[in-house]
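my_file.csv (CSV, C-alpha atoms and all ligand atoms) appears below.
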```
chain,number,residue,atom,x,y,z
A,16,MET,CA,-23.3,-12.4,4.5
A,17,ASN,CA,-24.7,-15.7,3.3
A,18,PHE,CA,-21.5,-17.2,2.0
A,19,ASN,CA,-19.6,-20.3,2.8
A,20,PHE,CA,-16.1,-18.9,3.4
A,21,LYS,CA,-13.3,-21.0,2.3
A,22,LYS,CA,-10.4,-21.0,4.8
A,23,SER,CA,-8.1,-22.6,2.3
A,24,LEU,CA,-8.4,-19.6,0.1
A,25,GLY,CA,-7.8,-17.1,2.9
A,26,GLN,CA,-11.3,-15.8,2.7
A,27,ASN,CA,-11.5,-13.1,5.4
A,28,PHE,CA,-13.5,-10.2,3.9
A,29,LEU,CA,-13.1,-6.6,5.0
A,30,LYS,CA,-16.1,-5.1,6.6
A,31,ASP,CA,-14.6,-1.9,8.0
A,32,ASN,CA,-15.4,1.1,5.8
A,33,ASN,CA,-12.7,3.2,7.3
A,34,ILE,CA,-10.0,0.8,6.4
A,35,ILE,CA,-11.5,0.2,2.9
A,36,LYS,CA,-11.4,4.0,2.3
A,37,LYS,CA,-7.8,4.3,3.6
A,38,ILE,CA,-6.6,1.6,1.2
A,39,SER,CA,-8.5,3.2,-1.7
A,40,ASN,CA,-7.3,6.7,-0.9
A,41,SER,CA,-3.7,5.5,-0.8
A,42,ILE,CA,-3.9,4.8,-4.6
A,43,ASN,CA,-3.4,8.1,-6.5
A,44,SER,CA,-4.2,6.8,-10.0
A,45,SER,CA,-5.4,8.8,-13.0
A,46,LYS,CA,-7.4,7.8,-16.0
A,47,GLU,CA,-4.2,6.8,-17.9
A,48,ASP,CA,-3.4,4.2,-15.2
A,49,LEU,CA,-4.5,0.7,-14.5
A,50,ILE,CA,-5.3,-0.8,-11.1
A,51,ILE,CA,-5.0,-4.6,-10.7
A,52,GLU,CA,-6.8,-6.0,-7.7
A,53,ILE,CA,-5.9,-9.5,-6.5
A,54,GLY,CA,-8.6,-11.4,-4.7
A,55,PRO,CA,-11.6,-9.0,-4.7
A,56,GLY,CA,-13.7,-11.4,-2.6
A,57,ALA,CA,-17.1,-9.9,-2.2
A,58,GLY,CA,-15.9,-6.6,-3.7
A,59,ALA,CA,-15.6,-4.4,-0.6
A,60,LEU,CA,-12.6,-2.6,-2.0
A,61,THR,CA,-13.5,-3.1,-5.7
A,62,LYS,CA,-16.6,-0.9,-5.2
A,63,GLU,CA,-14.3,2.0,-4.1
A,64,LEU,CA,-11.7,1.4,-6.8
A,65,VAL,CA,-14.2,1.7,-9.6
A,66,LYS,CA,-15.1,5.2,-8.4
A,67,LYS,CA,-11.6,6.3,-9.6
A,68,GLU,CA,-10.9,7.3,-13.2
A,69,SER,CA,-8.6,4.3,-13.9
A,70,ASP,CA,-9.4,1.0,-15.4
A,71,VAL,CA,-9.6,-1.9,-12.9
A,72,ILE,CA,-8.8,-5.6,-13.5
A,73,CYS,CA,-9.6,-8.1,-10.8
A,74,PHE,CA,-8.3,-11.6,-10.5
A,75,GLU,CA,-10.5,-13.8,-8.3
A,76,ILE,CA,-9.9,-17.6,-8.0
A,77,ASP,CA,-13.3,-18.4,-6.5
A,78,GLU,CA,-16.1,-18.5,-9.2
A,79,ARG,CA,-18.7,-18.7,-6.4
A,80,LEU,CA,-18.2,-15.0,-6.0
A,81,LYS,CA,-19.4,-14.2,-9.5
A,82,SER,CA,-23.0,-13.7,-8.5
A,83,ILE,CA,-21.9,-11.1,-5.9
A,84,LEU,CA,-19.2,-9.4,-7.9
A,85,SER,CA,-21.3,-9.1,-11.0
A,86,LYS,CA,-23.5,-6.6,-9.2
A,87,ILE,CA,-20.7,-4.1,-9.4
A,88,LYS,CA,-21.5,-2.2,-12.5
A,89,SER,CA,-18.7,-0.3,-14.2
A,90,ASP,CA,-17.4,0.1,-17.8
A,91,LYS,CA,-13.9,0.3,-16.3
A,92,LEU,CA,-14.1,-3.0,-14.5
A,93,ASN,CA,-13.0,-6.4,-15.8
A,94,ILE,CA,-13.1,-9.4,-13.4
A,95,ILE,CA,-11.2,-12.5,-14.3
A,96,TYR,CA,-12.0,-15.7,-12.5
A,97,GLU,CA,-8.6,-17.3,-12.5
A,98,ASP,CA,-5.8,-18.1,-10.1
A,99,PHE,CA,-3.6,-15.0,-10.2
A,100,LEU,CA,-0.5,-17.1,-9.7
A,101,LYS,CA,-1.3,-19.1,-12.8
A,102,VAL,CA,-2.2,-16.4,-15.3
A,103,ASN,CA,0.1,-14.3,-17.5
A,104,ILE,CA,-0.7,-10.8,-16.3
A,105,ASN,CA,0.1,-9.3,-19.7
A,106,ASP,CA,-2.5,-11.4,-21.5
A,107,TYR,CA,-5.1,-9.3,-19.8
A,108,ILE,CA,-3.6,-5.8,-20.3
A,109,ASN,CA,-4.8,-4.8,-23.8
A,110,LYS,CA,-3.6,-1.2,-23.9
A,111,GLU,CA,-0.7,1.0,-22.9
A,112,TYR,CA,-1.1,2.4,-19.4
A,113,LYS,CA,1.1,5.1,-17.8
A,114,LYS,CA,1.3,3.4,-14.4
A,115,ILE,CA,0.1,0.1,-13.0
A,116,PHE,CA,-1.0,-0.1,-9.4
A,117,PHE,CA,-1.5,-3.5,-7.7
A,118,VAL,CA,-3.7,-3.8,-4.7
A,119,GLY,CA,-4.9,-6.7,-2.7
A,120,ASN,CA,-5.9,-8.0,0.7
A,121,LEU,CA,-3.8,-11.1,0.2
A,122,PRO,CA,-4.2,-14.6,1.5
A,123,TYR,CA,-1.2,-14.8,3.8
A,124,TYR,CA,0.3,-18.0,2.5
A,125,ILE,CA,0.8,-16.6,-1.0
A,126,THR,CA,2.0,-13.1,-0.2
A,127,THR,CA,5.6,-13.6,-1.3
A,128,ALA,CA,4.7,-15.7,-4.4
A,129,ILE,CA,2.4,-12.9,-5.5
A,130,ILE,CA,5.0,-10.2,-5.0
A,131,ASN,CA,7.6,-12.2,-6.9
A,132,LYS,CA,5.1,-12.7,-9.7
A,133,ILE,CA,4.3,-9.0,-9.9
A,134,ILE,CA,8.0,-8.1,-10.0
A,135,SER,CA,8.9,-10.7,-12.6
A,136,GLU,CA,6.0,-10.2,-15.0
A,137,SER,CA,5.3,-6.5,-14.9
A,138,ASN,CA,6.6,-3.1,-14.0
A,139,PRO,CA,4.5,-2.0,-11.0
A,140,PHE,CA,4.4,1.6,-10.0
A,141,GLU,CA,3.1,0.8,-6.5
A,142,ILE,CA,1.8,-2.3,-4.8
A,143,VAL,CA,-0.6,-1.7,-1.9
A,144,ILE,CA,-1.2,-4.8,0.1
A,145,MET,CA,-2.8,-5.9,3.3
A,146,ILE,CA,-0.8,-8.6,4.9
A,147,GLN,CA,-0.2,-10.3,8.2
A,148,LYS,CA,1.3,-7.7,10.6
A,149,GLU,CA,4.3,-9.8,11.5
A,150,VAL,CA,5.1,-10.3,7.8
A,151,ALA,CA,4.8,-6.6,7.1
A,152,GLU,CA,7.2,-6.0,10.0
A,153,ARG,CA,9.7,-8.4,8.3
A,154,PHE,CA,9.3,-6.5,5.0
A,155,MET,CA,10.1,-3.2,6.6
A,156,ALA,CA,12.7,-4.4,9.1
A,157,LYS,CA,16.0,-2.5,9.5
A,158,PRO,CA,19.4,-4.1,10.2
A,159,ASN,CA,20.1,-5.3,13.7
A,160,SER,CA,16.6,-6.4,14.4
A,161,LYS,CA,15.4,-9.9,14.6
A,162,GLU,CA,12.9,-9.4,11.8
A,163,TYR,CA,15.6,-8.3,9.3
A,164,GLY,CA,16.2,-11.1,6.8
A,165,SER,CA,16.8,-11.8,3.1
A,166,LEU,CA,13.2,-10.9,2.3
A,167,SER,CA,13.7,-7.5,3.9
A,168,VAL,CA,16.8,-6.9,1.8
A,169,PHE,CA,15.2,-8.2,-1.3
A,170,LEU,CA,12.1,-6.0,-1.0
A,171,GLN,CA,14.0,-2.9,0.3
A,172,TYR,CA,16.3,-3.1,-2.7
A,173,ASN,CA,13.3,-3.1,-5.1
A,174,PHE,CA,11.0,-0.8,-3.2
A,175,ASP,CA,10.6,2.0,-0.7
A,176,ILE,CA,8.1,0.6,1.8
A,177,GLU,CA,5.6,2.7,3.7
A,178,LYS,CA,3.0,1.7,6.3
A,179,ILE,CA,-0.5,2.8,5.5
A,180,CYS,CA,-2.3,1.6,8.6
A,181,SER,CA,-2.7,-1.3,11.1
A,182,VAL,CA,-5.8,-3.4,10.8
A,183,SER,CA,-7.3,-5.2,13.7
A,184,LYS,CA,-8.6,-8.8,13.2
A,185,ASN,CA,-12.0,-7.5,14.1
A,186,CYS,CA,-12.3,-5.6,10.8
A,187,PHE,CA,-12.9,-8.9,9.0
A,188,ILE,CA,-15.6,-11.4,8.6
A,189,PRO,CA,-14.9,-14.1,9.6
A,190,ILE,CA,-12.4,-12.9,12.2
A,191,PRO,CA,-8.9,-14.3,11.4
A,192,LYS,CA,-6.3,-15.3,14.1
A,193,VAL,CA,-3.9,-12.5,13.3
A,194,ASP,CA,-3.8,-8.8,13.0
A,195,SER,CA,-2.9,-7.2,9.6
A,196,MET,CA,-1.2,-4.2,8.2
A,197,VAL,CA,-1.6,-2.3,5.0
A,198,ILE,CA,1.7,-1.3,3.4
A,199,LYS,CA,2.7,0.4,0.2
A,200,LEU,CA,5.6,-0.9,-1.9
A,201,LYS,CA,6.8,2.0,-4.1
A,202,SER,CA,9.0,0.8,-7.0
A,203,ASN,CA,12.5,2.3,-6.4
A,204,LYS,CA,15.3,0.0,-7.3
A,205,LYS,CA,18.4,1.1,-5.4
A,206,ALA,CA,21.1,2.4,-7.6
A,207,GLY,CA,24.5,0.9,-8.4
A,208,LEU,CA,23.9,-2.9,-8.5
A,209,LYS,CA,25.7,-4.7,-11.3
A,210,ASN,CA,24.1,-8.1,-11.2
A,211,GLU,CA,20.7,-8.9,-9.6
A,212,GLU,CA,21.0,-12.6,-9.8
A,213,LYS,CA,24.3,-12.6,-7.9
A,214,PHE,CA,22.8,-10.2,-5.4
A,215,TYR,CA,19.7,-12.3,-4.8
A,216,LYS,CA,21.9,-15.4,-4.3
A,217,LEU,CA,24.3,-13.6,-2.0
A,218,ILE,CA,21.5,-12.4,0.4
A,219,LYS,CA,19.9,-15.8,0.4
A,220,ASP,CA,23.2,-17.5,1.3
A,221,ALA,CA,24.2,-14.8,3.8
A,222,PHE,CA,21.0,-15.4,5.8
A,223,LYS,CA,21.0,-19.1,5.3
A,224,GLN,CA,21.6,-19.9,9.0
A,225,LYS,CA,20.7,-16.7,10.7
A,226,ARG,CA,22.8,-17.3,13.8
A,227,LYS,CA,26.0,-18.1,12.0
A,228,ASN,CA,28.4,-15.4,10.9
A,229,LEU,CA,29.2,-14.4,7.3
A,230,ARG,CA,32.4,-16.5,7.3
A,231,ASN,CA,30.3,-19.6,7.9
A,232,ASN,CA,27.3,-18.8,5.6
A,233,LEU,CA,29.5,-17.7,2.7
A,234,LYS,CA,32.0,-20.5,2.9
A,235,ASN,CA,31.8,-21.1,-0.9
A,236,TYR,CA,32.6,-17.5,-1.8
A,237,ASN,CA,35.9,-15.7,-2.2
A,238,LEU,CA,36.1,-14.7,1.4
A,239,ASP,CA,39.2,-12.5,1.0
A,240,ASN,CA,37.3,-10.4,-1.5
A,241,ILE,CA,34.3,-10.1,0.8
A,242,GLU,CA,36.4,-9.3,3.8
A,243,LYS,CA,38.1,-6.4,2.0
A,244,LYS,CA,34.8,-4.9,1.2
A,245,LEU,CA,33.5,-5.5,4.7
A,246,ASN,CA,36.6,-3.8,6.2
A,247,SER,CA,35.8,-0.7,4.2
A,248,PHE,CA,32.6,-0.5,6.3
A,249,ASN,CA,34.5,-1.2,9.4
A,250,LYS,CA,33.0,-4.7,9.5
A,251,ASP,CA,34.5,-8.2,9.0
A,252,LEU,CA,33.5,-11.8,8.4
A,253,THR,CA,32.6,-12.3,12.1
A,254,TYR,CA,29.5,-10.1,11.5
A,255,ARG,CA,26.1,-11.7,10.8
A,256,ALA,CA,24.0,-10.9,7.8
A,257,GLU,CA,21.5,-9.2,10.0
A,258,GLU,CA,24.2,-6.5,10.7
A,259,ILE,CA,24.7,-5.7,7.0
A,260,THR,CA,22.7,-2.9,5.3
A,261,VAL,CA,21.1,-3.1,1.9
A,262,THR,CA,23.6,-0.7,0.5
A,263,GLU,CA,26.5,-2.8,1.9
A,264,PHE,CA,25.0,-6.0,0.4
A,265,ILE,CA,24.9,-4.2,-3.0
A,266,GLU,CA,28.6,-3.2,-2.7
A,267,ILE,CA,29.6,-6.7,-1.6
A,268,SER,CA,27.7,-8.3,-4.5
A,269,ASN,CA,29.4,-5.9,-6.9
A,270,HIS,CA,32.8,-7.1,-5.7
A,271,LEU,CA,32.3,-10.8,-5.7
A,272,ASP,CA,34.7,-11.7,-8.4
A,301,LIG,N1,-10.4,-8.2,-1.1
A,301,LIG,C1,-11.5,-8.8,-0.3
A,301,LIG,C2,-11.7,-8.0,1.0
A,301,LIG,O1,-10.8,-7.3,1.4
A,301,LIG,O2,-12.8,-8.2,1.5
A,301,LIG,C3,-11.2,-10.3,-0.1
A,301,LIG,C4,-9.9,-10.6,0.6
A,301,LIG,S1,-9.6,-12.3,1.1
A,301,LIG,C5,-8.4,-12.1,2.3
A,301,LIG,C6,-8.7,-13.0,-0.2
A,301,LIG,C7,-9.4,-13.2,-1.6
A,301,LIG,O3,-8.4,-13.7,-2.5
A,301,LIG,C8,-10.5,-14.2,-1.5
A,301,LIG,O4,-11.6,-13.7,-2.2
A,301,LIG,C9,-9.9,-15.5,-2.2
A,301,LIG,O5,-10.9,-16.2,-2.9
A,301,LIG,C10,-9.0,-14.8,-3.2
A,301,LIG,N2,-7.8,-15.6,-3.6
A,301,LIG,C11,-7.2,-16.6,-2.9
A,301,LIG,N3,-6.2,-17.1,-3.6
A,301,LIG,C12,-6.2,-16.5,-4.9
A,301,LIG,C13,-5.5,-16.6,-6.1
A,301,LIG,N4,-4.4,-17.5,-6.1
A,301,LIG,N5,-5.8,-15.9,-7.1
A,301,LIG,C14,-6.8,-15.0,-7.0
A,301,LIG,N6,-7.6,-14.8,-5.9
A,301,LIG,C15,-7.3,-15.6,-4.9
```
Please express the file's structure as structure tokens.
Ligand code: SAM
Amino acid sequence: MNFNFKKSLGQNFLKDNNIIKKISNSINSSKEDLIIEIGPGAGALTKELVKKESDVICFEIDERLKSILSKIKSDKLNIIYEDFLKVNINDYINKEYKKIFFVGNLPYYITTAIINKIISESNPFEIVIMIQKEVAERFMAKPNSKEYGSLSVFLQYNFDIEKICSVSKNCFIPIPKVDSMVIKLKSNKKAGLKNEEKFYKLIKDAFKQKRKNLRNNLKNYNLDNIEKKLNSFNKDLTYRAEEITVTEFIEISNHLD
């Protein structure tokens, strides 16, 4: 491909048809649904997405790709040349859709910013993303593993997370330094939480210094209250955040005051 790839925009384009098909096949959308693709690049995945019945909106920051992307002809496709992080997603959705699917092979450095934006501005049904393998492992990590952190708890509270496939660095042009993984985040807020803001602050504080125990990281909280709740799970303040499950964090958060 005769294109001057910009490293600063995370431009590693997929060239493996098998992987492209796997990503596309993991999106079960109908004609009443919308697919939003973030960073279509040269359109490797876009070409597959427009074969579905759904409308497709793409956000691509790099206008140099216009001449390549404009070759994809489809009535269902709308390509917006803007920074996805700066747009208001809803400004571009001009009809009622049953479900909204987000998909993207994301530049690694903006993965979490993109997920945060999607959650705060829309009501995604599923998000299918290709991200750095190590980051995907953190997203899916279970308690008592070194990858488990506040991001794991935050995402697993909001979504059920499923691995779609691993992707070798050789599937891209140019070849990046890291391997990737495609994962699906299926919206499924876990039941019973009273106050999201409190919960998000609690998990951030609890994991602040990963090697310290809850007594140290949650110094500014009502520790008697937290200890009582922990005791009901046969745990106490000497435990570290990485030993506390998502459900337990929800319960602790509900009993903060
Ligand atoms: N989807 C294509 C593929 O799989 O071949 C390209 C993936 S490449 C890893 C990431 C793409 O995201 C690039 O085309 C880049 O220009 C675009 N991009 C980077 N930052 C962006 C942003 N903030 N908003 C929209 N697109 C962005």
Check every protein, DNA and RNA residue against ligand LIG 301 (chain A), keep those with an atom at most 6 Å away (counting all atoms listed in the file), and present them as a PyMOL selection string. chain A and resi 24-29+53-59+74-77+98-100+119-122
Take the selection from the previous step and output its residues with C-alpha atoms, as a compact mmCIF listing (two decimals), keeping the file's coordinate frame.
```
# COMPACT_ATOMS: atom_id res chain seq x y z
CA LEU A 24 -8.40 -19.60 0.10
CA GLY A 25 -7.80 -17.10 2.90
CA GLN A 26 -11.30 -15.80 2.70
CA ASN A 27 -11.50 -13.10 5.40
CA PHE A 28 -13.50 -10.20 3.90
CA LEU A 29 -13.10 -6.60 5.00
CA ILE A 53 -5.90 -9.50 -6.50
CA GLY A 54 -8.60 -11.40 -4.70
CA PRO A 55 -11.60 -9.00 -4.70
CA GLY A 56 -13.70 -11.40 -2.60
CA ALA A 57 -17.10 -9.90 -2.20
CA GLY A 58 -15.90 -6.60 -3.70
CA ALA A 59 -15.60 -4.40 -0.60
CA PHE A 74 -8.30 -11.60 -10.50
CA GLU A 75 -10.50 -13.80 -8.30
CA ILE A 76 -9.90 -17.60 -8.00
CA ASP A 77 -13.30 -18.40 -6.50
CA ASP A 98 -5.80 -18.10 -10.10
CA PHE A 99 -3.60 -15.00 -10.20
CA LEU A 100 -0.50 -17.10 -9.70
CA GLY A 119 -4.90 -6.70 -2.70
CA ASN A 120 -5.90 -8.00 0.70
CA LEU A 121 -3.80 -11.10 0.20
CA PRO A 122 -4.20 -14.60 1.50
```
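Of the listed residues A:Asn17, A:Gln224, A:Asn173, A:Asn103, the one whose atoms come nearest to Ile130 of chain A is A:Asn173, with distances taken using all atoms listed in the file.
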Enter the distance from atom CA of Lys213 of chain A to atom CA of Leu252 of chain A, in Å, rounded to one decimal. 18.7 Å
So the first atom is atom CA of Ser69 of chain A and the second is atom CA of Asp106 of chain A; what is the distance between them in Å, to one decimal place?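 Between atom CA of Ser69 of chain A and atom CA of Asp106 of chain A the gap works out to 18.5 Å.
Closest approach to Ile259 of chain A among A:Val168, A:Val102, A:Val65, A:Val118: A:Val168, based on all atoms listed in the file.
A straight line drawn from atom CA of Ile125 of chain A to atom CA of Asn232 of chain A is 27.4 Å long.
Proximity ranking of A:Lys30, A:Lys216, A:Lys204, A:Lys114 relative to Ser44 of chain A places A:Lys114 first, based on all atoms listed in the file.
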